[in-house]
Amino acid sequence: MTHTFEALPHTLDEWLRLIEQRSPQRLIDLGLERVRAVAARMGLRVAAPVFTVAGTNGKGSVCALLEAMLRAAGWRTGVYTSPHLLRFEERCRIDGANAAPQVLAAAFARVEAARGEVPLTYFEFTTLGALDAMLRAGVEALILEVGLGGRLDAVNIVDADCAILTSVGVDHTQLLGATREAIGREKAGIMRAGRPAIICDAQPPASVLAHAAAIGADAWLAGRDFTAQTDGAQWAWTGRGQRVESLPLPALPGAHQLGNAAGAIAALQALKERLPVPEAALRAGLLTAMLPGRLQVLPASGEAPEMVLDVAHNPQAATVLAQALHALGAAPRTHAVFGAMADKDVAGVLACLDDVVDAWYFCDLPTPRAASAGQVLEIWRGATKRVSEVAAATFASPAAALDAAARACCSADRIALFGSFFTVAGVLTHGTPHITAGQGVQYR
């Protein structure tokens, strides 16, 4: 449907509603032809160095680390990530701050003016808008997170000066393939001939290495071209003739973040001629990088039990969450609030936490793509080895499930709230949860 100028929205919220309403059946429609054609009409030209980040898990962490290190070195950054947790503006950060709603609204108007009759998905339209906003802001380094896969993802219309592949797990199998080899080939599609490709996965699929060799990308392999060694208090990065010692451990929680940090530093070293980053800025970035909703720990305080928020929604991420919960130390009982999309490996995720969780609170989510709480409960009953010893119940929302968990726990217990972004956002949208054991939740 073509809209006249007078009918176009004015605010960001109005634009997002229009984009969502136009073609909901086309929410995911991989391919570059449409988005590339509109980008050409818009005259989008990228002069700044580009880092493109793909992977099953760890993309957001690497983007946050790159952003923090580059900004500590004085570079003006543009960062595009997805999905958002609470507000759409989180997807587009310019010089460390979310893009202003009016800036994005104006960018969307330019996309609309250029697209003509070309149909765009929600992701394609918003990606073009974010690129337009960042380029007009004069960013000096562009960090693009792949939404899904890599080869056919909308961000891949921009040639990466440095491609980064964080990990390859089995996810989105209906679109990317059912094996790590097939999925790895799709993700490797962000690589470019003659340019660095940082491969953080310690055991990358053969398809990734084969594609890098076939196109002549400069592959940096974790464990071969760069390494991280730690004594538990600090660490050292070594790669291609350079060593950086006495680095602080990443502020981002989880032992796995050391691998993400090593990959981010490798990417910066690969482009050091265009974007020099001194060691002091590496250290500062490691200490200041933040990523809400990823192993975010709200410490125990008084009668408030410890709470862990995490958007772990596939088995690989759930394994990391289980390891993090073990590392936090013993708790009398661990209560888990969980909601997930229907196309995820829900049984696989639940199995990773089966020996950790003592009570489950499954919740509905406000999207038709979600599995219902009742469906998740049935999947859990079929997957668990502890059905007779672990309590499980269903709730209409993440907030209702968390309130029930808070009323059932004692101050020494732990609550993990995880799964889809909708699960974590369903709580944080009300503010920071303040839990009083046995009395429910209040928000600040």
# chains A, B, ... in the order shown; residues from 1 in each chain; ligands from 1
$ residues_around --residues "range 132-142 of chain A" --least-positions-apart "3" --cutoff "6 Å" --atoms "only C-alpha atoms" --output "MDAnalysis selection string"
chainID A and resid 48:50 76:78 107 129
$ write_last_selection --atoms "all heavy atoms" --output "compact mmCIF listing (two decimals), in the first residue's frame"
# COMPACT_ATOMS: atom_id res chain seq x y z
N ALA A 48 33.18 4.98 6.94
CA ALA A 48 33.82 4.58 8.20
C ALA A 48 34.13 3.09 8.19
O ALA A 48 33.43 2.30 7.54
CB ALA A 48 32.91 4.93 9.37
N PRO A 49 35.16 2.66 8.91
CA PRO A 49 35.44 1.22 9.05
C PRO A 49 34.24 0.51 9.67
O PRO A 49 33.59 1.02 10.60
CB PRO A 49 36.65 1.19 9.98
CG PRO A 49 37.28 2.53 9.83
CD PRO A 49 36.16 3.48 9.60
N VAL A 50 33.97 -0.70 9.17
CA VAL A 50 32.78 -1.46 9.58
C VAL A 50 33.19 -2.78 10.21
O VAL A 50 33.96 -3.56 9.62
CB VAL A 50 31.87 -1.73 8.37
CG1 VAL A 50 30.67 -2.59 8.79
CG2 VAL A 50 31.41 -0.43 7.74
N ARG A 76 34.10 8.15 17.56
CA ARG A 76 32.65 8.32 17.56
C ARG A 76 32.03 7.09 16.91
O ARG A 76 32.24 6.84 15.71
CB ARG A 76 32.27 9.59 16.79
CG ARG A 76 30.78 9.92 16.77
CD ARG A 76 30.56 11.27 16.10
NE ARG A 76 29.15 11.58 15.90
CZ ARG A 76 28.36 12.09 16.84
NH1 ARG A 76 28.85 12.33 18.04
NH2 ARG A 76 27.09 12.36 16.59
N THR A 77 31.28 6.33 17.66
CA THR A 77 30.80 5.03 17.20
C THR A 77 29.32 5.06 16.83
O THR A 77 28.53 5.83 17.36
CB THR A 77 30.99 3.96 18.29
OG1 THR A 77 30.33 4.40 19.49
CG2 THR A 77 32.46 3.73 18.58
N GLY A 78 28.98 4.17 15.91
CA GLY A 78 27.59 3.87 15.61
C GLY A 78 27.41 2.36 15.78
O GLY A 78 28.19 1.58 15.24
N ALA A 107 14.59 9.35 9.85
CA ALA A 107 15.27 8.37 9.02
C ALA A 107 14.27 7.44 8.36
O ALA A 107 14.40 7.09 7.17
CB ALA A 107 16.27 7.58 9.85
N GLY A 129 16.79 2.45 8.18
CA GLY A 129 16.63 3.66 8.96
C GLY A 129 17.78 3.88 9.93
O GLY A 129 18.30 5.00 10.08
$ residues_around --residues "range 320-335 of chain A" --least-positions-apart "4" --cutoff "7 Å" --atoms "only C-alpha atoms" --output "PDB file with N, CA and C atoms, in the first residue's frame"
ATOM      1  N   GLY A 254      30.301 -13.571  33.532  1.00  0.00           N
ATOM      2  CA  GLY A 254      30.400 -14.885  32.916  1.00  0.00           C
ATOM      3  C   GLY A 254      31.809 -15.180  32.440  1.00  0.00           C
ATOM      4  N   GLN A 316      22.953 -23.575  23.858  1.00  0.00           N
ATOM      5  CA  GLN A 316      24.303 -23.058  24.080  1.00  0.00           C
ATOM      6  C   GLN A 316      24.304 -21.969  25.152  1.00  0.00           C
ATOM      7  N   CYS A 352      19.240 -28.219  29.957  1.00  0.00           N
ATOM      8  CA  CYS A 352      20.488 -27.639  30.454  1.00  0.00           C
ATOM      9  C   CYS A 352      20.371 -27.159  31.900  1.00  0.00           C
ATOM     10  N   LEU A 353      19.163 -26.810  32.321  1.00  0.00           N
ATOM     11  CA  LEU A 353      18.939 -26.300  33.680  1.00  0.00           C
ATOM     12  C   LEU A 353      18.273 -27.327  34.585  1.00  0.00           C
ATOM     13  N   VAL A 356      19.629 -27.846  38.010  1.00  0.00           N
ATOM     14  CA  VAL A 356      19.901 -26.601  38.733  1.00  0.00           C
ATOM     15  C   VAL A 356      18.645 -26.043  39.378  1.00  0.00           C
ATOM     16  N   VAL A 357      17.506 -26.181  38.680  1.00  0.00           N
ATOM     17  CA  VAL A 357      16.271 -25.500  39.091  1.00  0.00           C
ATOM     18  C   VAL A 357      15.422 -26.400  39.990  1.00  0.00           C
ATOM     19  N   ASP A 358      14.897 -25.801  41.064  1.00  0.00           N
ATOM     20  CA  ASP A 358      14.069 -26.535  42.029  1.00  0.00           C
ATOM     21  C   ASP A 358      12.591 -26.201  41.916  1.00  0.00           C
ATOM     22  N   ALA A 359      12.252 -25.126  41.211  1.00  0.00           N
ATOM     23  CA  ALA A 359      10.850 -24.758  41.000  1.00  0.00           C
ATOM     24  C   ALA A 359      10.760 -23.938  39.724  1.00  0.00           C
ATOM     25  N   TRP A 360       9.827 -24.320  38.836  1.00  0.00           N
ATOM     26  CA  TRP A 360       9.658 -23.643  37.549  1.00  0.00           C
ATOM     27  C   TRP A 360       8.375 -22.817  37.533  1.00  0.00           C
ATOM     28  N   ALA A 405       7.130 -16.454  42.240  1.00  0.00           N
ATOM     29  CA  ALA A 405       8.426 -16.970  42.688  1.00  0.00           C
ATOM     30  C   ALA A 405       8.902 -16.227  43.932  1.00  0.00           C
ATOM     31  N   ALA A 412      17.490 -16.592  51.234  1.00  0.00           N
ATOM     32  CA  ALA A 412      18.723 -17.269  50.832  1.00  0.00           C
ATOM     33  C   ALA A 412      18.587 -17.962  49.475  1.00  0.00           C
ATOM     34  N   ASP A 413      17.362 -18.012  48.944  1.00  0.00           N
ATOM     35  CA  ASP A 413      17.139 -18.652  47.648  1.00  0.00           C
ATOM     36  C   ASP A 413      17.659 -17.773  46.506  1.00  0.00           C
ATOM     37  N   ARG A 414      17.508 -18.282  45.296  1.00  0.00           N
ATOM     38  CA  ARG A 414      17.907 -17.546  44.104  1.00  0.00           C
ATOM     39  C   ARG A 414      16.781 -17.633  43.077  1.00  0.00           C
ATOM     40  N   ILE A 415      16.577 -16.550  42.326  1.00  0.00           N
ATOM     41  CA  ILE A 415      15.590 -16.548  41.246  1.00  0.00           C
ATOM     42  C   ILE A 415      16.312 -16.273  39.933  1.00  0.00           C
ATOM     43  N   ALA A 416      16.120 -17.143  38.963  1.00  0.00           N
ATOM     44  CA  ALA A 416      16.638 -16.924  37.610  1.00  0.00           C
ATOM     45  C   ALA A 416      15.459 -16.631  36.694  1.00  0.00           C
TER      46      ALA A 416
END
$ closest_residue --among "A:Ala106, A:Leu165, A:Val277, A:Ala7" --to "Ala72 in chain A" --atoms "only C-alpha atoms"
A:Val277
$ closest_residue --among "A:Leu85, A:Leu350, A:Leu309, A:Ala109" --to "Pro9 in chain A" --atoms "only C-alpha atoms"
A:Ala109
$ closest_residue --among "A:Leu271, A:Leu402, A:Ala371, A:Ala114" --to "Ala40 in chain A" --atoms "only C-alpha atoms"
A:Ala114
$ atom_distance --atom1 "CA of Arg93 in chain A" --atom2 "CA of Val79 in chain A"
5.1 Å
$ residues_around --residues "Gly302 in chain A" --least-positions-apart "4" --cutoff "12 Å" --atoms "only C-alpha atoms" --output "JSON, numbers by chain"
{"A": [306, 410, 411, 412, 434, 435, 436, 437]}
$ select_by_dssp --residues "range 269-319 of chain A" --states "alpha helix (DSSP H)" --output "list in words"
Gln269, Ala270, Glu279, Ala280, Ala281, Leu282, Arg283, Ala284, Gly285, Leu286, Leu287, Thr288, Pro315, Gln316, Ala317, Ala318 and Thr319 of chain A
$ write_last_selection --atoms "N, CA, C and O atoms" --output "PDB file, in the first residue's frame"
ATOM      1  N   GLN A 269      42.833  -5.023  16.663  1.00  0.00           N
ATOM      2  CA  GLN A 269      44.209  -5.131  16.182  1.00  0.00           C
ATOM      3  C   GLN A 269      44.241  -5.286  14.658  1.00  0.00           C
ATOM      4  O   GLN A 269      45.131  -4.772  13.988  1.00  0.00           O
ATOM      5  N   ALA A 270      43.242  -5.989  14.124  1.00  0.00           N
ATOM      6  CA  ALA A 270      43.197  -6.208  12.682  1.00  0.00           C
ATOM      7  C   ALA A 270      42.982  -4.909  11.915  1.00  0.00           C
ATOM      8  O   ALA A 270      43.408  -4.781  10.766  1.00  0.00           O
ATOM      9  N   GLU A 279      46.433   0.702  24.513  1.00  0.00           N
ATOM     10  CA  GLU A 279      46.167  -0.305  25.539  1.00  0.00           C
ATOM     11  C   GLU A 279      45.316   0.254  26.671  1.00  0.00           C
ATOM     12  O   GLU A 279      44.481  -0.459  27.236  1.00  0.00           O
ATOM     13  N   ALA A 280      45.505   1.505  27.004  1.00  0.00           N
ATOM     14  CA  ALA A 280      44.707   2.107  28.080  1.00  0.00           C
ATOM     15  C   ALA A 280      43.224   2.080  27.732  1.00  0.00           C
ATOM     16  O   ALA A 280      42.368   1.874  28.605  1.00  0.00           O
ATOM     17  N   ALA A 281      42.901   2.279  26.452  1.00  0.00           N
ATOM     18  CA  ALA A 281      41.499   2.255  26.033  1.00  0.00           C
ATOM     19  C   ALA A 281      40.953   0.832  26.048  1.00  0.00           C
ATOM     20  O   ALA A 281      39.768   0.621  26.353  1.00  0.00           O
ATOM     21  N   LEU A 282      41.783  -0.152  25.729  1.00  0.00           N
ATOM     22  CA  LEU A 282      41.341  -1.545  25.853  1.00  0.00           C
ATOM     23  C   LEU A 282      40.948  -1.842  27.294  1.00  0.00           C
ATOM     24  O   LEU A 282      39.893  -2.442  27.555  1.00  0.00           O
ATOM     25  N   ARG A 283      41.784  -1.431  28.214  1.00  0.00           N
ATOM     26  CA  ARG A 283      41.502  -1.681  29.643  1.00  0.00           C
ATOM     27  C   ARG A 283      40.238  -0.953  30.083  1.00  0.00           C
ATOM     28  O   ARG A 283      39.392  -1.516  30.787  1.00  0.00           O
ATOM     29  N   ALA A 284      40.116   0.295  29.682  1.00  0.00           N
ATOM     30  CA  ALA A 284      38.932   1.067  30.065  1.00  0.00           C
ATOM     31  C   ALA A 284      37.666   0.439  29.496  1.00  0.00           C
ATOM     32  O   ALA A 284      36.631   0.350  30.183  1.00  0.00           O
ATOM     33  N   GLY A 285      37.718  -0.001  28.242  1.00  0.00           N
ATOM     34  CA  GLY A 285      36.542  -0.619  27.624  1.00  0.00           C
ATOM     35  C   GLY A 285      36.141  -1.914  28.297  1.00  0.00           C
ATOM     36  O   GLY A 285      34.948  -2.191  28.473  1.00  0.00           O
ATOM     37  N   LEU A 286      37.105  -2.721  28.681  1.00  0.00           N
ATOM     38  CA  LEU A 286      36.805  -3.973  29.383  1.00  0.00           C
ATOM     39  C   LEU A 286      36.062  -3.709  30.691  1.00  0.00           C
ATOM     40  O   LEU A 286      35.192  -4.479  31.097  1.00  0.00           O
ATOM     41  N   LEU A 287      36.394  -2.607  31.337  1.00  0.00           N
ATOM     42  CA  LEU A 287      35.805  -2.292  32.641  1.00  0.00           C
ATOM     43  C   LEU A 287      34.457  -1.598  32.535  1.00  0.00           C
ATOM     44  O   LEU A 287      33.690  -1.604  33.508  1.00  0.00           O
ATOM     45  N   THR A 288      34.160  -1.004  31.390  1.00  0.00           N
ATOM     46  CA  THR A 288      32.943  -0.184  31.295  1.00  0.00           C
ATOM     47  C   THR A 288      31.863  -0.773  30.394  1.00  0.00           C
ATOM     48  O   THR A 288      30.735  -0.278  30.399  1.00  0.00           O
ATOM     49  N   PRO A 315      20.123 -23.819  23.651  1.00  0.00           N
ATOM     50  CA  PRO A 315      20.898 -24.671  24.563  1.00  0.00           C
ATOM     51  C   PRO A 315      22.303 -24.162  24.851  1.00  0.00           C
ATOM     52  O   PRO A 315      22.799 -24.296  25.984  1.00  0.00           O
ATOM     53  N   GLN A 316      22.953 -23.575  23.858  1.00  0.00           N
ATOM     54  CA  GLN A 316      24.303 -23.058  24.080  1.00  0.00           C
ATOM     55  C   GLN A 316      24.304 -21.969  25.152  1.00  0.00           C
ATOM     56  O   GLN A 316      25.121 -21.982  26.081  1.00  0.00           O
ATOM     57  N   ALA A 317      23.376 -21.038  25.047  1.00  0.00           N
ATOM     58  CA  ALA A 317      23.284 -19.969  26.035  1.00  0.00           C
ATOM     59  C   ALA A 317      22.805 -20.499  27.380  1.00  0.00           C
ATOM     60  O   ALA A 317      23.240 -20.030  28.440  1.00  0.00           O
ATOM     61  N   ALA A 318      21.903 -21.484  27.359  1.00  0.00           N
ATOM     62  CA  ALA A 318      21.409 -22.055  28.615  1.00  0.00           C
ATOM     63  C   ALA A 318      22.517 -22.782  29.360  1.00  0.00           C
ATOM     64  O   ALA A 318      22.545 -22.785  30.603  1.00  0.00           O
ATOM     65  N   THR A 319      23.432 -23.397  28.637  1.00  0.00           N
ATOM     66  CA  THR A 319      24.582 -24.048  29.271  1.00  0.00           C
ATOM     67  C   THR A 319      25.444 -23.024  29.992  1.00  0.00           C
ATOM     68  O   THR A 319      25.892 -23.244  31.126  1.00  0.00           O
TER      69      THR A 319
END
$ select_by_dssp --residues "range 193-386 of chain A" --states "strand (DSSP E)" --output "compact mmCIF listing (two decimals) with C-alpha atoms, in the first residue's frame"
# COMPACT_ATOMS: atom_id res chain seq x y z
CA PRO A 196 40.12 -9.90 8.32
CA ALA A 197 37.62 -12.41 9.66
CA ILE A 198 37.87 -13.01 13.40
CA ILE A 199 36.65 -16.51 14.27
CA ASP A 218 42.23 -13.18 6.28
CA ALA A 219 41.05 -15.63 8.93
CA TRP A 220 42.11 -15.03 12.52
CA LEU A 221 41.43 -18.24 14.45
CA PHE A 226 45.03 -14.95 19.04
CA THR A 227 44.81 -16.34 22.56
CA ALA A 228 43.77 -15.32 26.05
CA GLN A 229 45.55 -16.52 29.17
CA THR A 230 44.27 -15.72 32.65
CA GLN A 234 43.75 -10.57 35.19
CA TRP A 235 44.62 -11.80 31.72
CA ALA A 236 46.88 -11.37 28.73
CA TRP A 237 45.99 -11.20 25.02
CA THR A 238 48.46 -12.50 22.45
CA GLY A 239 48.06 -12.32 18.69
CA GLN A 242 51.70 -8.51 19.79
CA ARG A 243 51.00 -9.17 23.45
CA VAL A 244 48.94 -7.06 25.84
CA GLU A 245 49.39 -7.96 29.50
CA SER A 246 47.70 -7.11 32.79
CA LEU A 247 44.25 -6.69 31.30
CA PRO A 248 41.30 -6.51 33.71
CA GLN A 296 22.56 -9.50 34.85
CA VAL A 297 22.81 -10.18 38.59
CA LEU A 298 20.74 -8.25 41.13
CA GLU A 306 19.66 -12.93 44.57
CA MET A 307 18.17 -12.58 41.08
CA VAL A 308 19.72 -13.38 37.70
CA LEU A 309 18.27 -12.02 34.43
CA ASP A 310 19.39 -13.56 31.14
CA THR A 334 16.70 -21.96 42.69
CA HIS A 335 13.41 -20.69 41.28
CA ALA A 336 13.22 -20.16 37.51
CA VAL A 337 10.85 -17.94 35.54
CA PHE A 338 10.91 -18.99 31.89
CA GLY A 339 9.16 -18.12 28.63
CA ALA A 359 10.85 -24.76 41.00
CA TRP A 360 9.66 -23.64 37.55
CA TYR A 361 7.33 -20.73 36.78
CA PHE A 362 6.43 -20.92 33.08
CA CYS A 363 4.87 -17.80 31.58
$ decode --residues "range 59-168 of chain A" --atoms "C-alpha atoms" --output "compact mmCIF listing (two decimals), in the first residue's frame"
# COMPACT_ATOMS: atom_id res chain seq x y z
CA LYS A 59 27.11 -11.03 19.35
CA GLY A 60 25.74 -8.43 21.71
CA SER A 61 28.68 -8.82 24.09
CA VAL A 62 31.26 -8.34 21.33
CA CYS A 63 29.40 -5.28 20.05
CA ALA A 64 29.32 -3.80 23.56
CA LEU A 65 33.02 -4.47 24.09
CA LEU A 66 34.00 -2.98 20.72
CA GLU A 67 31.87 0.08 21.40
CA ALA A 68 33.35 0.63 24.87
CA MET A 69 36.95 0.22 23.71
CA LEU A 70 36.56 2.43 20.65
CA ARG A 71 34.81 5.16 22.62
CA ALA A 72 37.50 5.00 25.30
CA ALA A 73 39.98 5.69 22.50
CA GLY A 74 37.98 8.75 21.43
CA TRP A 75 36.26 7.36 18.35
CA ARG A 76 32.65 8.32 17.56
CA THR A 77 30.80 5.03 17.20
CA GLY A 78 27.59 3.87 15.61
CA VAL A 79 26.19 0.54 16.85
CA TYR A 80 23.23 -1.36 15.41
CA THR A 81 21.93 -4.37 17.36
CA SER A 82 18.72 -6.37 17.67
CA PRO A 83 16.34 -7.15 19.18
CA HIS A 84 15.81 -4.47 21.77
CA LEU A 85 14.99 -5.16 25.39
CA LEU A 86 12.70 -2.28 26.40
CA ARG A 87 12.72 0.46 23.74
CA PHE A 88 13.34 0.34 20.01
CA GLU A 89 15.90 3.13 20.30
CA GLU A 90 18.26 0.66 22.00
CA ARG A 91 18.87 -0.87 18.55
CA CYS A 92 20.68 2.23 17.29
CA ARG A 93 23.36 3.84 19.46
CA ILE A 94 25.28 6.88 18.34
CA ASP A 95 28.37 7.85 20.31
CA GLY A 96 27.27 5.72 23.25
CA ALA A 97 23.67 6.96 23.49
CA ASN A 98 20.42 5.59 22.08
CA ALA A 99 19.36 7.46 18.96
CA ALA A 100 16.68 10.05 19.67
CA PRO A 101 13.15 8.99 18.63
CA GLN A 102 12.80 12.01 16.34
CA VAL A 103 16.08 11.14 14.60
CA LEU A 104 14.83 7.63 13.85
CA ALA A 105 11.42 8.90 12.76
CA ALA A 106 13.09 11.23 10.26
CA ALA A 107 15.27 8.37 9.02
CA PHE A 108 12.21 6.16 8.52
CA ALA A 109 10.57 8.93 6.50
CA ARG A 110 13.59 8.91 4.19
CA VAL A 111 13.37 5.11 3.82
CA GLU A 112 9.68 5.44 2.93
CA ALA A 113 10.38 8.14 0.38
CA ALA A 114 13.01 5.98 -1.31
CA ARG A 115 11.34 2.58 -1.29
CA GLY A 116 8.48 3.38 -3.67
CA GLU A 117 6.67 0.09 -4.34
CA VAL A 118 9.49 -2.11 -2.98
CA PRO A 119 8.10 -4.18 -0.06
CA LEU A 120 10.34 -4.29 3.01
CA THR A 121 10.16 -6.42 6.11
CA TYR A 122 10.18 -4.83 9.56
CA PHE A 123 13.85 -5.70 9.97
CA GLU A 124 14.84 -4.46 6.51
CA PHE A 125 13.01 -1.15 6.93
CA THR A 126 14.39 -0.48 10.40
CA THR A 127 17.91 -1.53 9.42
CA LEU A 128 17.94 1.00 6.60
CA GLY A 129 16.63 3.66 8.96
CA ALA A 130 19.31 2.93 11.56
CA LEU A 131 22.07 3.00 8.94
CA ASP A 132 20.79 6.33 7.64
CA ALA A 133 20.70 7.81 11.15
CA MET A 134 24.20 6.66 12.02
CA LEU A 135 25.76 7.77 8.75
CA ARG A 136 24.16 11.21 8.98
CA ALA A 137 25.59 11.51 12.51
CA GLY A 138 29.11 11.18 11.09
CA VAL A 139 30.19 8.10 13.02
CA GLU A 140 33.85 7.12 12.71
CA ALA A 141 33.38 3.41 13.35
CA LEU A 142 30.32 1.30 12.53
CA ILE A 143 29.45 -1.86 14.48
CA LEU A 144 26.67 -3.96 12.94
CA GLU A 145 25.13 -6.98 14.63
CA VAL A 146 23.60 -9.56 12.30
CA GLY A 147 19.94 -10.20 13.06
CA LEU A 148 19.75 -13.76 11.75
CA GLY A 149 22.31 -15.87 9.92
CA GLY A 150 24.60 -13.59 7.97
CA ARG A 151 24.76 -14.18 4.23
CA LEU A 152 21.19 -13.00 3.58
CA ASP A 153 20.74 -10.72 6.58
CA ALA A 154 19.94 -7.09 5.80
CA VAL A 155 23.11 -5.74 7.45
CA ASN A 156 25.17 -7.71 4.92
CA ILE A 157 24.47 -5.09 2.25
CA VAL A 158 27.34 -3.25 3.95
CA ASP A 159 30.78 -4.72 3.27
CA ALA A 160 32.53 -5.56 6.51
CA ASP A 161 36.06 -4.27 6.90
CA CYS A 162 36.34 -6.81 9.71
CA ALA A 163 33.93 -9.73 10.09
CA ILE A 164 33.57 -11.34 13.51
CA LEU A 165 32.02 -14.78 14.06
CA THR A 166 31.39 -15.35 17.77
CA SER A 167 29.99 -18.89 17.93
CA VAL A 168 28.06 -21.38 15.85
